file model-v1.txt (compact mmCIF, C-alpha atoms)
# COMPACT_ATOMS: atom_id res chain seq x y z
CA MET A 1 14.17 -7.20 9.53
CA SER A 2 11.84 -9.66 10.50
CA VAL A 3 11.72 -9.00 12.74
CA ILE A 4 -1.45 -5.04 11.33
CA GLY A 5 -20.74 10.96 12.25
CA ILE A 6 -20.96 13.39 14.79
CA VAL A 7 -22.38 12.39 18.16
CA SER A 8 -24.67 14.97 19.68
CA SER A 9 -25.03 13.15 22.97
CA CYS A 10 -23.51 10.24 24.82
CA SER A 11 -25.60 7.97 26.97
CA CYS A 12 -24.20 5.26 29.18
CA LEU A 13 -25.02 3.29 32.28
CA HIS A 14 -22.89 3.85 35.36
CA SER A 15 -23.71 2.61 38.86
CA GLY A 16 -27.26 1.91 37.70
CA VAL A 17 -27.89 5.54 36.78
CA ARG A 18 -28.52 6.56 33.20
CA LEU A 19 -26.36 9.55 32.37
CA LEU A 20 -27.06 11.95 29.52
CA LYS A 21 -24.29 14.36 28.67
CA PRO A 22 -24.68 17.12 26.12
CA GLN A 23 -22.03 17.19 23.43
CA ILE A 24 -20.58 20.31 21.89
CA ASN A 25 -19.72 19.25 18.38
CA LYS A 26 -16.28 20.19 17.27
CA MET A 27 -15.27 19.46 13.70
CA SER A 28 -11.66 20.01 12.72
CA SER A 29 -10.57 20.81 9.19
CA PHE A 30 -10.01 17.09 8.77
CA GLY A 31 -13.57 16.17 9.73
CA LEU A 32 -12.56 14.57 13.01
CA HIS A 33 -15.66 13.81 15.05
CA THR A 34 -15.43 13.14 18.76
CA ALA A 35 -17.83 11.80 21.34
CA ALA A 36 -18.53 13.16 24.81
CA ARG A 37 -16.72 11.48 27.64
CA CYS A 38 -18.74 8.85 29.48
CA ALA A 39 -17.91 7.08 32.70
CA ALA A 40 -14.30 5.91 32.95
CA LYS A 41 -15.01 2.32 31.89
CA ASP A 42 -17.23 3.35 28.99
CA TYR A 43 -14.91 5.80 27.21
CA TYR A 44 -11.25 5.93 26.30
CA GLU A 45 -9.15 8.50 24.54
CA VAL A 46 -7.67 5.68 22.49
CA LEU A 47 -9.38 2.31 22.08
CA VAL A 48 -7.40 -0.54 20.53
CA LEU A 49 -9.20 -3.59 19.14
CA GLY A 50 -6.96 -6.64 19.33
CA GLY A 51 -4.13 -7.62 21.64
CA GLY A 52 -1.82 -9.16 19.08
CA THR A 53 1.44 -7.66 17.84
CA GLY A 54 0.00 -4.45 16.39
CA GLY A 55 -2.48 -3.89 19.19
CA ILE A 56 0.00 -4.22 22.04
CA ALA A 57 2.71 -2.20 20.27
CA MET A 58 0.31 0.66 19.49
CA SER A 59 -1.24 0.68 22.98
CA ALA A 60 2.24 1.17 24.44
CA ARG A 61 2.90 4.05 22.06
CA MET A 62 -0.50 5.64 22.68
CA LYS A 63 -0.18 5.48 26.47
CA ARG A 64 2.93 7.64 26.20
CA LYS A 65 0.90 10.18 24.22
CA VAL A 66 -2.35 10.39 26.19
CA GLY A 67 -1.37 9.02 29.60
CA ALA A 68 -2.16 6.04 31.77
CA GLY A 69 -5.83 5.15 32.14
CA ASN A 70 -6.74 6.71 28.80
CA VAL A 71 -5.96 3.71 26.59
CA ALA A 72 -7.68 0.33 26.54
CA VAL A 73 -7.16 -2.87 24.58
CA VAL A 74 -10.04 -5.23 23.81
CA GLU A 75 -8.68 -8.78 23.69
CA PRO A 76 -10.34 -12.03 24.84
CA SER A 77 -7.27 -14.29 24.78
CA LYS A 78 -5.36 -14.98 27.99
CA THR A 79 -2.18 -15.94 26.13
CA HIS A 80 -0.12 -13.91 23.67
CA TYR A 81 1.97 -15.82 21.14
CA TYR A 82 5.02 -14.83 19.13
CA GLN A 83 3.79 -16.71 16.09
CA PRO A 84 6.85 -16.32 13.83
CA LEU A 85 8.52 -18.86 16.12
CA TRP A 86 6.02 -21.54 15.15
CA THR A 87 8.00 -22.38 12.00
CA LEU A 88 10.80 -23.57 14.27
CA VAL A 89 8.37 -25.22 16.72
CA GLY A 90 6.86 -27.24 13.89
CA GLY A 91 10.35 -28.15 12.76
CA GLY A 92 11.44 -29.32 16.20
CA ALA A 93 13.98 -26.54 16.73
CA LYS A 94 12.05 -24.63 19.43
CA GLN A 95 9.54 -25.45 22.16
CA LEU A 96 5.99 -24.08 21.89
CA SER A 97 6.30 -22.64 25.39
CA ALA A 98 9.06 -20.31 24.14
CA SER A 99 6.49 -18.55 21.94
CA ALA A 100 3.95 -17.91 24.72
CA ARG A 101 3.49 -15.32 27.43
CA SER A 102 0.39 -14.28 29.32
CA THR A 103 -1.55 -11.39 27.83
CA GLU A 104 -1.42 -9.74 31.24
CA SER A 105 2.38 -9.76 31.18
CA VAL A 106 2.64 -8.04 27.77
CA MET A 107 -0.11 -5.49 28.39
CA PRO A 108 1.62 -2.12 28.98
CA LYS A 109 1.28 -0.76 32.51
CA GLY A 110 -1.39 1.94 32.61
CA VAL A 111 -3.28 0.41 29.68
CA GLU A 112 -6.60 -1.23 30.60
CA TRP A 113 -7.16 -4.73 29.33
CA ILE A 114 -10.81 -5.32 28.45
CA LYS A 115 -11.17 -9.10 28.45
CA SER A 116 -13.94 -9.34 25.91
CA ARG A 117 -14.66 -9.75 22.21
CA VAL A 118 -15.79 -7.05 19.77
CA THR A 119 -19.20 -7.82 18.26
CA ALA A 120 -19.86 -4.65 16.22
CA LEU A 121 -18.25 -1.37 15.22
CA ASP A 122 -20.20 1.90 14.89
CA PRO A 123 -17.69 4.50 13.69
CA ASP A 124 -20.47 7.03 12.94
CA LYS A 125 -21.15 7.17 16.69
CA ASN A 126 -17.54 6.62 17.79
CA CYS A 127 -18.26 3.42 19.67
CA VAL A 128 -17.95 -0.33 19.53
CA TRP A 129 -20.09 -3.07 21.03
CA LEU A 130 -18.68 -5.95 23.00
CA GLU A 131 -20.16 -9.21 24.25
CA ASN A 132 -23.13 -8.88 26.63
CA ASP A 133 -24.19 -5.66 24.85
CA ILE A 134 -21.44 -3.57 26.43
CA LYS A 135 -20.80 -0.29 24.65
CA ILE A 136 -17.41 1.44 24.67
CA SER A 137 -16.91 4.90 23.20
CA TYR A 138 -13.65 6.40 22.00
CA LYS A 139 -12.01 9.48 20.58
CA TYR A 140 -9.53 7.52 18.47
CA LEU A 141 -9.87 3.89 17.38
CA ILE A 142 -7.05 1.56 16.30
CA ILE A 143 -8.16 -1.69 14.68
CA ALA A 144 -5.64 -4.50 15.03
CA LEU A 145 -7.84 -7.61 14.89
CA GLY A 146 -5.52 -9.80 12.84
CA ILE A 147 -6.61 -12.50 10.41
CA SER A 148 -8.86 -15.52 10.89
CA LEU A 149 -7.87 -19.11 10.13
CA GLN A 150 -10.54 -20.95 8.16
CA PHE A 151 -9.67 -24.64 8.34
CA GLU A 152 -13.38 -25.42 8.01
CA LYS A 153 -13.30 -24.30 4.37
CA ILE A 154 -11.34 -27.48 3.63
CA LYS A 155 -13.66 -30.50 3.73
CA GLY A 156 -12.54 -32.92 6.44
CA LEU A 157 -10.96 -30.23 8.62
CA PRO A 158 -10.43 -29.27 11.37
CA GLU A 159 -11.59 -32.66 12.68
CA GLY A 160 -8.94 -34.30 10.50
CA PHE A 161 -6.24 -33.11 12.88
CA ASP A 162 -7.37 -35.80 15.30
CA HIS A 163 -5.59 -38.23 12.99
CA PRO A 164 -1.81 -38.67 12.70
CA LYS A 165 0.42 -37.65 9.80
CA ILE A 166 -1.14 -34.18 9.47
CA GLY A 167 -0.23 -30.86 11.07
CA SER A 168 -0.23 -27.10 10.58
CA ASN A 169 2.22 -24.50 11.86
CA TYR A 170 -0.54 -21.87 11.77
CA SER A 171 -2.43 -22.93 14.90
CA VAL A 172 -1.34 -23.40 18.50
CA GLN A 173 -3.46 -26.57 18.57
CA THR A 174 -1.77 -28.13 15.53
CA VAL A 175 1.81 -26.85 15.35
CA GLU A 176 3.24 -29.62 17.54
CA LYS A 177 1.41 -32.18 15.39
CA THR A 178 3.59 -31.00 12.50
CA TRP A 179 6.76 -32.03 14.32
CA LYS A 180 5.21 -35.36 15.27
CA ALA A 181 4.28 -36.02 11.63
CA ILE A 182 7.81 -35.15 10.49
CA GLN A 183 9.35 -37.52 13.02
CA ASP A 184 6.93 -40.36 12.26
CA PHE A 185 7.43 -40.13 8.48
CA LYS A 186 8.67 -43.36 6.92
CA GLU A 187 8.24 -43.22 3.16
CA GLY A 188 5.94 -41.80 0.49
CA ASN A 189 4.54 -38.38 -0.36
CA ALA A 190 5.18 -35.46 1.96
CA ILE A 191 2.84 -32.67 0.83
CA PHE A 192 2.96 -28.99 1.82
CA THR A 193 0.12 -26.67 0.79
CA PHE A 194 -0.56 -22.98 0.10
CA PRO A 195 -4.22 -21.81 -0.08
CA ASN A 196 -6.08 -19.67 -2.56
CA THR A 197 -6.55 -16.77 -0.10
CA PRO A 198 -4.44 -14.06 1.55
CA VAL A 199 -2.26 -15.58 4.27
CA LYS A 200 -0.05 -14.31 7.04
CA CYS A 201 3.64 -14.90 6.49
CA ALA A 202 3.44 -16.16 2.93
CA GLY A 203 6.86 -17.78 3.20
CA ALA A 204 5.93 -20.04 6.12
CA PRO A 205 4.21 -22.77 4.05
CA GLN A 206 7.51 -23.58 2.36
CA LYS A 207 9.82 -22.91 5.32
CA ILE A 208 8.54 -26.03 7.07
CA MET A 209 9.09 -27.97 3.86
CA TYR A 210 12.79 -27.10 3.83
CA LEU A 211 13.14 -27.99 7.51
CA SER A 212 11.42 -31.33 6.93
CA GLU A 213 13.72 -32.10 4.02
CA ALA A 214 16.77 -31.27 6.13
CA TYR A 215 15.53 -33.47 8.99
CA TRP A 216 14.89 -36.44 6.71
CA ARG A 217 18.34 -36.04 5.17
CA LYS A 218 19.86 -36.06 8.63
CA THR A 219 17.91 -39.17 9.68
CA GLY A 220 18.46 -41.14 6.47
CA LYS A 221 14.85 -40.96 5.26
CA ARG A 222 15.29 -38.45 2.43
CA SER A 223 15.62 -41.04 -0.34
CA LYS A 224 12.23 -42.46 0.64
CA ALA A 225 10.45 -39.07 0.59
CA ASN A 226 8.72 -37.54 -2.41
CA ILE A 227 8.42 -33.91 -1.28
CA MET A 228 5.70 -31.87 -2.97
CA PHE A 229 4.78 -28.20 -2.64
CA ASN A 230 1.23 -27.75 -3.93
CA THR A 231 0.57 -24.04 -4.14
CA SER A 232 -2.42 -22.10 -5.42
CA LEU A 233 0.00 -19.42 -6.64
CA GLY A 234 1.67 -19.26 -10.03
CA VAL A 235 5.10 -18.43 -8.58
CA ILE A 236 7.19 -19.77 -5.71
CA PHE A 237 7.60 -16.30 -4.18
CA GLY A 238 6.38 -12.83 -5.12
CA VAL A 239 9.79 -11.12 -5.33
CA LYS A 240 11.89 -12.32 -8.25
CA LYS A 241 15.28 -12.00 -6.59
CA TYR A 242 14.31 -14.35 -3.77
CA ALA A 243 12.16 -16.56 -6.00
CA ASP A 244 15.19 -17.28 -8.18
CA ALA A 245 17.23 -18.28 -5.14
CA LEU A 246 14.44 -20.54 -3.83
CA LEU A 247 14.02 -22.24 -7.20
CA GLU A 248 17.71 -23.14 -7.14
CA ILE A 249 17.29 -24.71 -3.69
CA ILE A 250 14.19 -26.59 -4.85
CA LYS A 251 16.09 -27.96 -7.83
CA GLU A 252 19.11 -28.98 -5.73
CA ARG A 253 16.92 -30.77 -3.18
CA ASN A 254 14.72 -32.50 -5.74
CA ILE A 255 11.45 -30.99 -4.53
CA VAL A 256 8.36 -31.12 -6.77
CA VAL A 257 6.35 -27.90 -7.13
CA ASN A 258 2.78 -28.00 -8.47
CA TYR A 259 1.49 -24.52 -9.24
CA LYS A 260 -2.21 -23.51 -9.19
CA TYR A 261 -3.17 -26.45 -6.97
CA ASN A 262 -5.56 -25.60 -4.12
CA LEU A 263 -6.36 -28.02 -1.27
CA VAL A 264 -10.15 -28.54 -1.03
CA GLU A 265 -10.51 -31.76 0.97
CA VAL A 266 -8.57 -34.04 3.31
CA ARG A 267 -9.61 -37.68 3.71
CA THR A 268 -7.63 -38.66 6.75
CA ASP A 269 -9.02 -42.21 6.88
CA LYS A 270 -7.47 -42.89 3.47
CA GLN A 271 -4.56 -40.44 3.80
CA GLU A 272 -5.74 -38.60 0.71
CA ALA A 273 -5.48 -34.89 -0.09
CA VAL A 274 -7.81 -33.55 -2.80
CA PHE A 275 -6.65 -30.56 -4.83
CA GLU A 276 -8.49 -28.39 -7.33
CA ASN A 277 -6.54 -27.42 -10.43
CA LEU A 278 -7.14 -23.66 -10.56
CA ASP A 279 -6.32 -23.61 -14.27
CA LYS A 280 -9.17 -26.10 -14.77
CA PRO A 281 -11.94 -25.05 -12.34
CA GLY A 282 -13.87 -28.01 -10.99
CA VAL A 283 -11.18 -30.49 -11.95
CA THR A 284 -9.63 -32.22 -8.92
CA GLU A 285 -6.72 -34.54 -8.29
CA ILE A 286 -6.23 -36.94 -5.38
CA HIS A 287 -2.76 -37.17 -3.87
CA GLN A 288 -1.89 -39.87 -1.36
CA TYR A 289 0.18 -38.61 1.57
CA GLU A 290 2.38 -40.03 4.29
CA MET A 291 2.81 -36.57 5.79
CA LEU A 292 0.67 -33.46 5.17
CA HIS A 293 1.25 -29.88 6.27
CA VAL A 294 -1.83 -27.69 5.78
CA THR A 295 -1.76 -23.93 5.43
CA PRO A 296 -5.41 -23.00 6.00
CA PRO A 297 -7.46 -20.55 3.98
CA MET A 298 -7.62 -17.22 5.82
CA GLY A 299 -9.83 -14.16 5.83
CA PRO A 300 -10.84 -11.09 7.82
CA PRO A 301 -12.38 -11.61 11.27
CA ASP A 302 -16.17 -12.07 11.14
CA VAL A 303 -16.81 -8.79 12.96
CA LEU A 304 -15.21 -6.88 10.09
CA ILE A 305 -17.24 -8.50 7.31
CA ASN A 306 -19.89 -6.00 6.13
CA SER A 307 -18.64 -3.52 8.73
CA PRO A 308 -18.68 0.24 7.99
CA VAL A 309 -14.89 0.29 8.45
CA SER A 310 -14.20 -2.44 5.89
CA ASP A 311 -13.86 -2.66 2.14
CA GLY A 312 -15.95 -5.03 0.02
CA SER A 313 -13.80 -8.00 1.00
CA GLY A 314 -13.96 -7.35 4.74
CA TRP A 315 -10.53 -5.82 5.30
CA VAL A 316 -10.14 -2.52 7.20
CA ASP A 317 -10.05 0.16 4.51
CA VAL A 318 -7.04 2.37 5.21
CA ASP A 319 -4.78 4.69 3.27
CA LYS A 320 -1.78 2.60 2.30
CA GLU A 321 0.72 5.33 3.18
CA THR A 322 -0.69 6.77 6.44
CA LEU A 323 -2.79 3.83 7.79
CA GLN A 324 -5.59 6.31 8.49
CA HIS A 325 -9.09 5.11 7.56
CA LYS A 326 -10.27 6.41 4.19
CA LYS A 327 -13.68 7.55 5.53
CA TYR A 328 -13.31 7.97 9.30
CA PRO A 329 -10.34 10.21 10.18
CA ASN A 330 -10.21 9.11 13.83
CA VAL A 331 -10.04 5.42 12.90
CA PHE A 332 -6.79 3.66 12.03
CA GLY A 333 -5.75 0.15 11.10
CA ILE A 334 -2.61 -1.90 11.47
CA GLY A 335 -1.45 -5.36 10.54
CA ASP A 336 -3.15 -8.40 9.06
CA CYS A 337 -6.75 -7.09 9.28
CA THR A 338 -6.09 -4.20 6.87
CA ASN A 339 -6.21 -4.03 3.09
CA LEU A 340 -2.65 -2.77 2.83
CA PRO A 341 -1.24 -4.37 -0.34
CA THR A 342 1.79 -5.95 1.28
CA SER A 343 2.64 -9.27 2.91
CA LYS A 344 1.10 -9.85 6.33
CA THR A 345 4.07 -10.33 8.67
CA ALA A 346 5.27 -9.21 12.10
CA ALA A 347 7.99 -7.22 10.36
CA ALA A 348 5.36 -5.31 8.41
CA VAL A 349 3.55 -4.55 11.68
CA ALA A 350 6.78 -3.23 13.17
CA ALA A 351 7.28 -0.81 10.28
CA GLN A 352 3.61 0.16 10.27
CA SER A 353 3.65 0.92 14.00
CA GLY A 354 6.31 3.60 13.53
CA VAL A 355 4.37 5.24 10.71
CA LEU A 356 1.02 5.00 12.50
CA ASP A 357 2.53 6.55 15.62
CA LYS A 358 3.50 9.63 13.57
CA THR A 359 0.15 9.68 11.76
CA ILE A 360 -1.89 9.70 14.97
CA SER A 361 0.39 12.30 16.56
CA LEU A 362 -0.31 14.72 13.72
CA VAL A 363 -4.04 13.95 13.62
CA MET A 364 -4.22 14.70 17.36
CA LYS A 365 -2.72 18.11 16.55
CA ASN A 366 -5.22 18.68 13.70
CA GLN A 367 -2.41 18.36 11.18
CA LEU A 368 -2.18 16.29 8.01
CA PRO A 369 -0.24 13.01 8.27
CA SER A 370 3.09 13.24 6.50
CA LYS A 371 4.99 10.05 7.34
CA LYS A 372 4.53 7.49 4.59
CA TYR A 373 4.60 3.70 4.83
CA ASP A 374 6.38 2.23 1.81
CA GLY A 375 4.99 -1.26 2.22
CA TYR A 376 8.11 -2.60 3.91
CA THR A 377 7.81 -6.18 5.00
CA SER A 378 10.21 -8.99 5.66
CA CYS A 379 10.21 -12.75 5.52
CA PRO A 380 13.17 -14.72 6.89
CA LEU A 381 12.96 -17.73 4.57
CA VAL A 382 14.21 -20.63 6.69
CA THR A 383 15.84 -23.10 4.31
CA GLY A 384 17.50 -25.34 6.90
CA TYR A 385 18.27 -25.68 10.61
CA ASN A 386 21.02 -23.07 10.31
CA LYS A 387 20.16 -21.31 7.06
CA VAL A 388 17.96 -18.33 6.19
CA ILE A 389 17.43 -16.15 3.14
CA LEU A 390 16.35 -12.76 4.49
CA ALA A 391 13.74 -11.37 2.10
CA GLU A 392 12.89 -7.69 2.59
CA PHE A 393 10.79 -5.77 0.09
CA ASP A 394 8.26 -2.96 -0.49
CA TYR A 395 4.84 -2.39 -2.06
CA ASN A 396 6.31 -2.83 -5.54
CA ALA A 397 7.81 -6.23 -4.66
CA GLN A 398 11.25 -4.67 -4.97
CA PRO A 399 14.02 -5.66 -2.53
CA LEU A 400 14.36 -3.18 0.34
CA GLU A 401 17.29 -4.71 2.15
CA THR A 402 18.83 -3.66 5.44
CA PHE A 403 22.30 -5.12 5.19
CA PRO A 404 25.05 -4.35 2.63
CA ILE A 405 25.21 -8.00 1.52
CA ASP A 406 23.36 -10.18 -0.95
CA GLN A 407 20.40 -11.25 1.19
CA SER A 408 19.26 -13.81 -1.38
CA LYS A 409 22.08 -16.09 -0.18
CA GLU A 410 21.50 -18.65 2.57
CA ARG A 411 23.27 -17.49 5.73
CA ALA A 412 23.73 -18.91 9.22
CA THR A 413 23.88 -15.37 10.67
CA MET A 414 20.38 -14.68 9.40
CA TYR A 415 19.15 -17.93 10.91
CA HIS A 416 20.41 -16.89 14.35
CA MET A 417 18.79 -13.49 13.86
CA LYS A 418 15.48 -15.27 13.12
CA ALA A 419 15.76 -17.83 15.91
CA ASP A 420 17.36 -15.80 18.70
CA MET A 421 17.62 -12.05 18.07
CA MET A 422 14.13 -11.36 16.70
CA PRO A 423 12.23 -13.00 19.59
CA PHE A 424 14.23 -10.87 22.03
CA LEU A 425 13.54 -7.74 19.98
CA TYR A 426 9.85 -8.66 19.78
CA TRP A 427 9.26 -9.09 23.52
CA ASN A 428 11.52 -6.26 24.68
CA ALA A 429 11.20 -3.57 21.99
CA LEU A 430 8.33 -4.04 19.51
CA LEU A 431 5.64 -4.86 22.06
CA LYS A 432 6.85 -2.01 24.26
CA GLY A 433 6.47 0.45 21.38
CA TYR A 434 10.15 1.14 20.85
CA TRP A 435 10.82 -0.73 17.60
CA GLY A 436 9.44 0.64 14.34
CA GLY A 437 11.25 -1.58 11.88
CA PRO A 438 14.74 -1.48 10.42
CA ALA A 439 14.57 1.86 8.55
CA PRO A 440 17.04 3.66 10.90
CA ILE A 441 19.48 0.73 10.71
CA ARG A 442 19.18 0.64 6.93
CA LYS A 443 19.88 4.37 6.74
CA LEU A 444 22.96 4.07 8.95
CA MET A 445 24.23 1.11 6.95
CA HIS A 446 23.89 2.92 3.67
CA LEU A 447 25.41 6.12 5.01
CA GLY A 448 28.36 4.09 6.22
CA LEU A 449 28.98 2.85 2.69
CA LYS A 450 29.17 6.32 1.19
call {"tool": "encode", "arguments": {"input": "model-v1.txt", "output": "structure tokens"}}
result
Amino acid sequence: MSVIGIVSSCSCLHSGVRLLKPQINKMSSFGLHTAARCAAKDYYEVLVLGGGTGGIAMSARMKRKVGAGNVAVVEPSKTHYYQPLWTLVGGGAKQLSASARSTESVMPKGVEWIKSRVTALDPDKNCVWLENDIKISYKYLIIALGISLQFEKIKGLPEGFDHPKIGSNYSVQTVEKTWKAIQDFKEGNAIFTFPNTPVKCAGAPQKIMYLSEAYWRKTGKRSKANIMFNTSLGVIFGVKKYADALLEIIKERNIVVNYKYNLVEVRTDKQEAVFENLDKPGVTEIHQYEMLHVTPPMGPPDVLINSPVSDGSGWVDVDKETLQHKKYPNVFGIGDCTNLPTSKTAAAVAAQSGVLDKTISLVMKNQLPSKKYDGYTSCPLVTGYNKVILAEFDYNAQPLETFPIDQSKERATMYHMKADMMPFLYWNALLKGYWGGPAPIRKLMHLGLK
């Protein structure tokens, strides 16, 4: 249900006095290296990078393990957003304000909020560097830095959003422009894009397309709309069961799908979108638009590119079953910033948080991690204002469904779960470290059928 070296001494500045503390090196059988404790604001038992879904959820869990005052979260943003709601905001079904709460309000009590940005990671010395050359040391590090939007990789953006008829559900600055563009649509091409990069919530680029189609049907504009889904992928969805269901909907609603088309430029003055045909590199096509929804290219945060904790592509390099770093045993990753080979969704973070909690517990006891993450993720595919196909699947792109029903069918109950139940669960359970995904529910459901 849909709900990311050994230190021989430690030097730090405290009250203007330079402190040097000798370190007795202790190496466990797992190679865990720990730094000496510095002044309270310079060292934490557990340091979490990122105050998004994974960061807040794990900080709540870690505080219960190591106690108040021993966990800190590095996060510069003053506002925390429940981003899965932005599909419905862009479609006019929810207000943007419903997705927002102050970071202060979601930060667990007893967890210190460091209002800064990470500028470098030094896992060999168990420390990170923040803005203004501030150094923070840790015993355990959890990296939950999310994914970066890269609108600038499309020529003409992000400045193109200053013009009408274009929006994107992926940014707080542009999501309400999507709804405005849908409402203002009169006739012509309505184009929805999917980039040639990893993305968070891979179903979202087409969810807004289905909502737009439903709105134009309701308002009598559908016959004047040529709806196009231009995707860089070669399939409509990565799991065949749900892809087959979506293709039926696309056929019924007369939607055009162009595969292997990647948006490379937007000419807002002419209302033109330029796409590269990925089957013919260098060959482009210009599509006129009356409405354009852009899913931006995405990538790892800049601080992770060429970092010791990252793989060659810039994603945090973790074991796909335990979420423990492959090289540094006291470093862990969760959510969109990792190289876990599964879809990047809030539901995946929920499942990962439960596994990571168990992993860190065992590592703290000098034991081998045993709990295994199976790649569970979920995508509630919104196909209308009261319809959802609930896609749930694992690393092998095989359905891993919670309910004893055919989840490839459009259902109003699943829509209400997406729109109403999941936000409540997010704010009141996941962020507080009490929700680790639907595995217990799934087990109970299946036991009940035996």
call {"tool": "closest_residue", "arguments": {"input": "model-v1.txt", "among": "A:His325, A:Lys387, A:Lys344, A:His163", "to": "Thr413 (chain A)", "atoms": "all atoms listed in the file"}}
result
A:Lys387
call {"tool": "closest_residue", "arguments": {"input": "model-v1.txt", "among": "A:Ser310, A:Gln324, A:Ser343, A:Ser212", "to": "Gly92 (chain A)", "atoms": "all atoms listed in the file"}}
result
A:Ser212
call {"tool": "closest_atom_pairs", "arguments": {"input": "model-v1.txt", "of": "region 75-106 of chain A", "to": "region 179-182 of chain A", "cutoff": "8 Å", "atoms": "all atoms listed in the file", "output": "Markdown table"}}
result
| residue | atom | partner | partner_atom | distance |
| --- | --- | --- | --- | --- |
| A:Val89 | CA | A:Trp179 | CA | 7.4 |
| A:Gly90 | CA | A:Trp179 | CA | 4.8 |
| A:Gly91 | CA | A:Trp179 | CA | 5.5 |
| A:Gly92 | CA | A:Trp179 | CA | 5.7 |
call {"tool": "residues_around", "arguments": {"input": "model-v1.txt", "residues": "Lys270 (chain A)", "least_positions_apart": "2", "cutoff": "12 Å", "atoms": "all atoms listed in the file", "output": "list in words"}}
result
Gly156, Gly160, His163, Pro164, Lys165, Glu265, Val266, Arg267, Thr268, Glu272, Ala273, Val274, Ile286, His287, Gln288, Tyr289 and Glu290 of chain A
call {"tool": "atom_distance", "arguments": {"input": "model-v1.txt", "atom1": "CA of Arg101 (chain A)", "atom2": "CA of Phe424 (chain A)"}}
result
12.8 Å
call {"tool": "closest_residue", "arguments": {"input": "model-v1.txt", "among": "A:Asp319, A:Glu176, A:Asp302, A:Asp124", "to": "Leu88 (chain A)", "atoms": "only C-alpha atoms"}}
result
A:Glu176
call {"tool": "atom_distance", "arguments": {"input": "model-v1.txt", "atom1": "CA of Thr178 (chain A)", "atom2": "CA of Gly54 (chain A)"}}
result
27.1 Å
call {"tool": "residues_around", "arguments": {"input": "model-v1.txt", "residues": "Gln352 (chain A)", "least_positions_apart": "2", "cutoff": "9 Å", "atoms": "all atoms listed in the file", "output": "list in words"}}
result
Ile4, Gly54, Thr322, Leu323, Ile334, Gly335, Ala347, Ala348, Val349, Ala350, Gly354, Val355, Leu356, Asp357, Tyr373, Gly375, Tyr376, Gly436 and Gly437 of chain A
call {"tool": "atom_distance", "arguments": {"input": "model-v1.txt", "atom1": "CA of Leu292 (chain A)", "atom2": "CA of Leu145 (chain A)"}}
result
28.9 Å
call {"tool": "closest_residue", "arguments": {"input": "model-v1.txt", "among": "A:Pro198, A:Gly55, A:Gly312, A:Gly203", "to": "Gln150 (chain A)", "atoms": "only C-alpha atoms"}}
result
A:Pro198
call {"tool": "closest_residue", "arguments": {"input": "model-v1.txt", "among": "A:Ala346, A:Tyr81, A:Ile154, A:Arg253", "to": "Leu211 (chain A)", "atoms": "only C-alpha atoms"}}
result
A:Arg253
call {"tool": "closest_residue", "arguments": {"input": "model-v1.txt", "among": "A:Gly234, A:Pro380, A:Gly188, A:Gly433", "to": "Leu278 (chain A)", "atoms": "all atoms listed in the file"}}
result
A:Gly234
call {"tool": "residues_around", "arguments": {"input": "model-v1.txt", "residues": "Phe237 (chain A)", "least_positions_apart": "4", "cutoff": "10 Å", "atoms": "only C-alpha atoms", "output": "CSV table (one decimal) with C-alpha atoms, keeping the file's coordinate frame"}}
result
chain,number,residue,atom,x,y,z
A,202,ALA,CA,3.4,-16.2,2.9
A,203,GLY,CA,6.9,-17.8,3.2
A,206,GLN,CA,7.5,-23.6,2.4
A,233,LEU,CA,0.0,-19.4,-6.6
A,241,LYS,CA,15.3,-12.0,-6.6
A,242,TYR,CA,14.3,-14.4,-3.8
A,243,ALA,CA,12.2,-16.6,-6.0
A,244,ASP,CA,15.2,-17.3,-8.2
A,245,ALA,CA,17.2,-18.3,-5.1
A,246,LEU,CA,14.4,-20.5,-3.8
A,247,LEU,CA,14.0,-22.2,-7.2
call {"tool": "residues_around", "arguments": {"input": "model-v1.txt", "residues": "Lys109 (chain A)", "least_positions_apart": "5", "cutoff": "9 Å", "atoms": "all atoms listed in the file", "output": "list of chain:residue names"}}
result
A:Ala60, A:Lys63, A:Ala68
call {"tool": "axis_aligned_box", "arguments": {"input": "model-v1.txt", "around": "region 431-441 of chain A", "padding_each_side": "4 Å", "output": "JSON"}}
result
{"center_x": 12.6, "center_y": -0.6, "center_z": 16.4, "size_x": 21.8, "size_y": 16.5, "size_z": 23.7}
call {"tool": "residues_around", "arguments": {"input": "model-v1.txt", "residues": "Tyr44 (chain A)", "least_positions_apart": "4", "cutoff": "6 Å", "atoms": "all atoms listed in the file", "output": "JSON, numbers by chain"}}
result
{"A": [70, 71, 138]}
